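The file final_17.txt contains compact mmCIF, C-alpha atoms:
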# COMPACT_ATOMS: atom_id res chain seq x y z
CA THR A 841 -39.25 6.00 8.67
CA THR A 842 -39.87 5.80 12.35
CA ASP A 843 -37.62 5.09 15.29
CA TRP A 844 -38.06 4.46 18.97
CA ARG A 845 -36.27 4.19 22.29
CA ILE A 846 -38.28 2.77 25.18
CA PRO A 847 -36.60 2.63 28.60
CA PHE A 848 -37.69 -0.04 31.09
CA GLY A 849 -36.15 1.44 34.21
CA ALA A 850 -32.56 2.58 34.51
CA LYS A 851 -30.93 -0.63 33.26
CA ILE A 852 -32.96 -1.90 30.26
CA ALA A 853 -33.99 -0.19 27.02
CA VAL A 854 -35.38 -1.22 23.64
CA SER A 855 -34.62 0.89 20.58
CA GLY A 856 -35.00 0.52 16.85
CA GLU A 857 -36.06 1.81 13.47
CA PHE A 858 -38.52 0.83 10.75
CA TYR A 859 -38.48 2.14 7.19
CA ARG A 860 -40.29 1.71 3.92
CA GLY A 861 -39.76 3.64 0.73
CA ARG A 862 -37.91 4.08 -2.54
CA GLY A 863 -34.16 4.55 -2.86
CA ILE A 864 -33.42 4.03 0.85
CA GLY A 865 -31.44 0.78 0.61
CA GLY A 866 -28.56 2.18 2.67
CA LEU A 867 -30.60 2.10 5.89
CA GLY A 868 -30.85 -0.73 8.42
CA ALA A 869 -29.43 -4.06 7.27
CA ALA A 870 -29.30 -3.12 3.59
CA GLN A 871 -25.97 -3.67 1.91
CA ASP A 872 -26.97 -3.71 -1.71
CA ARG A 873 -28.61 -1.28 -4.05
CA SER A 874 -31.02 1.59 -3.66
CA ALA A 875 -31.86 1.81 -7.37
CA VAL A 876 -32.45 -0.42 -10.40
CA PHE A 877 -31.83 0.45 -14.04
CA SER A 878 -33.83 -0.23 -17.20
CA GLY A 879 -30.62 -1.23 -19.00
CA PRO A 880 -26.85 -1.25 -18.45
CA GLN A 881 -25.72 1.30 -15.87
CA SER A 882 -23.09 2.54 -18.33
CA ASN A 883 -25.75 3.42 -20.94
CA PRO A 884 -26.91 7.06 -20.59
CA ALA A 885 -30.29 6.07 -22.08
CA SER A 886 -31.01 3.68 -19.16
CA SER A 887 -33.63 4.95 -16.73
CA VAL A 888 -33.02 4.84 -12.99
CA TYR A 889 -35.78 3.72 -10.59
CA GLY A 890 -35.68 4.02 -6.81
CA LEU A 891 -36.00 0.49 -5.45
CA ASN A 892 -38.90 -0.08 -3.04
CA SER A 893 -37.62 -1.56 0.22
CA THR A 894 -38.89 -2.38 3.71
CA GLY A 895 -36.75 -3.06 6.74
CA GLY A 896 -35.50 -1.99 10.09
CA TRP A 897 -33.76 -3.09 13.24
CA THR A 898 -34.37 -3.41 16.96
CA GLN A 899 -31.97 -3.60 19.89
CA LEU A 900 -32.23 -4.66 23.52
CA LYS A 901 -29.74 -2.96 25.86
CA PHE A 902 -28.94 -4.08 29.39
CA LYS A 903 -26.72 -1.77 31.43
CA ALA A 904 -25.28 -4.06 34.12
CA THR A 905 -23.21 -1.30 35.76
CA ASP A 906 -22.09 2.21 34.85
CA ALA A 907 -19.09 0.62 33.10
CA ILE A 908 -20.56 -2.52 31.44
CA GLU A 909 -23.48 -2.94 29.04
CA PHE A 910 -24.78 -5.82 26.94
CA ASN A 911 -26.64 -5.39 23.63
CA ALA A 912 -28.51 -7.79 21.37
CA ALA A 913 -29.90 -6.63 18.02
CA TYR A 914 -31.59 -7.87 14.85
CA GLY A 915 -32.10 -6.07 11.54
CA GLN A 916 -33.28 -6.83 8.04
CA ASP A 917 -33.81 -5.20 4.66
CA GLU A 918 -36.01 -6.68 1.96
CA PRO A 919 -36.49 -4.93 -1.39
CA TYR A 920 -39.62 -5.69 -3.38
CA ASN A 921 -38.73 -8.75 -5.47
CA GLU A 922 -41.02 -7.89 -8.39
CA GLU A 923 -38.88 -4.79 -9.01
CA LEU A 924 -35.67 -6.81 -8.78
CA ARG A 925 -36.99 -9.46 -11.18
CA ARG A 926 -37.70 -6.85 -13.85
CA TRP A 927 -33.95 -6.25 -14.23
CA SER A 928 -32.52 -9.46 -12.73
CA PRO A 929 -29.38 -10.94 -14.33
CA ILE A 930 -29.29 -14.43 -15.85
CA GLU A 931 -30.22 -17.34 -13.54
CA GLY A 932 -27.24 -18.44 -11.46
CA ASP A 933 -25.33 -15.17 -11.89
CA LEU A 934 -23.07 -14.66 -8.85
CA TYR A 935 -23.78 -10.92 -8.94
CA ALA A 936 -27.57 -11.22 -9.02
CA PRO A 937 -29.34 -8.61 -6.88
CA ILE A 938 -29.70 -9.28 -3.16
CA SER A 939 -33.33 -9.99 -2.30
CA LYS A 940 -32.95 -9.96 1.51
CA ASN A 941 -30.37 -9.22 4.20
CA GLU A 942 -30.57 -10.17 7.87
CA THR A 943 -28.15 -9.29 10.65
CA GLY A 944 -28.11 -10.43 14.26
CA LEU A 945 -25.54 -9.35 16.82
CA PHE A 946 -24.52 -9.49 20.44
CA ASN A 947 -21.95 -7.22 22.04
CA VAL A 948 -20.41 -6.26 25.35
CA ILE A 949 -19.22 -2.69 25.89
CA TYR A 950 -16.85 -1.82 28.72
CA ARG A 951 -16.06 1.78 29.73
CA PRO A 952 -13.28 1.76 32.34
CA ARG A 953 -13.20 5.59 32.17
CA THR A 954 -15.58 8.15 30.73
CA ASP A 955 -13.36 8.68 27.67
CA LEU A 956 -12.25 5.08 26.96
CA VAL A 957 -14.43 2.31 25.40
CA PHE A 958 -13.76 -1.38 24.70
CA SER A 959 -16.22 -3.51 22.73
CA LEU A 960 -16.41 -7.17 21.79
CA GLU A 961 -19.07 -8.08 19.22
CA TYR A 962 -20.31 -11.19 17.44
CA ARG A 963 -22.38 -10.63 14.29
CA ARG A 964 -24.18 -13.11 12.02
CA LEU A 965 -25.00 -11.99 8.46
CA ASN A 966 -27.47 -13.79 6.17
CA THR A 967 -28.03 -12.82 2.54
CA TRP A 968 -30.32 -14.19 -0.18
CA ARG A 969 -30.06 -13.42 -3.91
CA ILE A 970 -33.03 -13.11 -6.26
CA THR A 971 -31.91 -16.04 -8.46
CA THR A 972 -31.68 -18.69 -5.71
CA THR A 973 -33.26 -19.78 -2.43
CA ASP A 974 -29.83 -20.59 -0.97
CA ARG A 975 -28.70 -18.45 1.95
CA ASN A 976 -25.18 -17.07 2.16
CA SER A 977 -24.01 -16.59 5.74
CA ALA A 978 -21.02 -15.08 7.46
CA ASN A 979 -19.92 -14.85 11.08
CA HIS A 980 -17.97 -11.84 12.25
CA LEU A 981 -16.15 -11.34 15.55
CA ASN A 982 -14.82 -7.86 16.27
CA PHE A 983 -12.90 -6.21 19.08
CA GLY A 984 -12.83 -2.42 19.14
CA ILE A 985 -11.22 0.31 21.21
CA GLY A 986 -12.46 3.89 21.17
CA VAL A 987 -11.51 7.19 22.71
CA LEU A 988 -14.28 9.74 23.27
CA PHE A 989 -13.46 13.41 23.00
This structure in structure tokens:
Amino acid sequence: TTDWRIPFGAKIAVSGEFYRGRGIGGLGAAQDRSAVFSGPQSNPASSVYGLNSTGGWTQLKFKATDAIEFNAAYGQDEPYNEELRRWSPIEGDLYAPISKNETGLFNVIYRPRTDLVFSLEYRRLNTWRITTTDRNSANHLNFGIGVLF
């Protein structure tokens, strides 16, 4: 893994992370598995293999004032399909392994005080399964309130 944060003056920064390895599917945009099995998961004789995956994310931050910032980000995770195909379910199975995830987002964060945070975020999720070329997409709008202590 590697990560970065590059400031471009006091108001703009780019940050992110890149990873590649086995059994690390919980990082970045990954929302599926970190391992594959040689047989049913319930069978103690099934072997477990760490799934090879590559992915990461990057974010652009613009701090308009001390109280308001804007962020745009993109991330993806893509396990190695040849490993997924070895243990892939039957064609058309709704629970077939995810072969790629992408996430894009935009948010606005407002801090009226040093201990109070408001955030409004739009997120677009795209997912592909190993058994089809069709993309499944979802849009998510979220409003959050936080207290720092």
May I ask for the distance between atom CA of A:Asp974 and atom CA of A:Ser874, given in Å to one decimal place?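 About the pair atom CA of A:Asp974 and atom CA of A:Ser874: they are 22.4 Å apart.
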Mind giving me the straight-line distance from atom CA of A:Gly856 to atom CA of A:Pro919 in Å, one decimal? 19.1 Å
Using only C-alpha atoms for the distances, tell me which of A:Ala875, A:Leu945, A:Ile938, A:Leu960 is nearest to A:Trp897. A:Leu945
Kindly indicate which residue among A:Ile970, A:Val957, A:Ala912, A:Leu981 lies nearest to A:Lys940, using all atoms listed in the file for the distances.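 Checking each candidate against A:Lys940, we get A:Ile970 as the closest.
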The distance between atom CA of A:Thr967 and atom CA of A:Asn911 is 22.4 Å
Of A:Thr971, A:Ser959, A:Ser939, A:Gln881, the one sitting nearest A:Ser893 when using all atoms listed in the file is A:Ser939
Extract, using all atoms listed in the file, all DNA, RNA and protein residues at most 10 Å from A:Trp844, discarding same-chain residues fewer than 5 positions from it, and format them as a list in words. Val854, Ser855, Gly856, Glu857, Phe858 and Thr898 of chain A
Please determine, counting all atoms listed in the file, which residue among A:Asn976, A:Asn883, A:Thr943, A:Gln916 has the shortest atom-to-atom distance to A:Arg964.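 Closest to A:Arg964, using all atoms listed in the file: A:Thr943.
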Have a look at A:Arg975, A:Lys851, A:Arg862, A:Arg925 and name the one nearest to A:Val888; count all atoms listed in the file.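 The closest residue to A:Val888 is A:Arg862.
Each of A:Asn941, A:Phe910, A:Phe946, A:Ser882 was checked against A:Ser977 using all atoms listed in the file; the smallest atom-to-atom distance is that of A:Asn941.
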Find the spatial neighbours of A:Ser887, counting only C-alpha atoms, within a cut-off of 10 Å - ignore same-chain residues fewer than 5 positions away - and output them as a ChimeraX atom specification. /A:876-881
Would you list the contacts of stretch 903-909 of chain A as a PyMOL selection string, taking every protein, DNA or RNA residue within 7 Å and counting all atoms listed in the file, but skipping same-chain residues closer than 4 positions in sequence? chain A and resi 851-852+948-952
Using only C-alpha atoms, give me every residue within 12 Å of (-38.2, 2.9, -2.0) in file coordinates, as a PyMOL selection string. chain A and resi 841+859-867+873-876+889-895+917-920+923
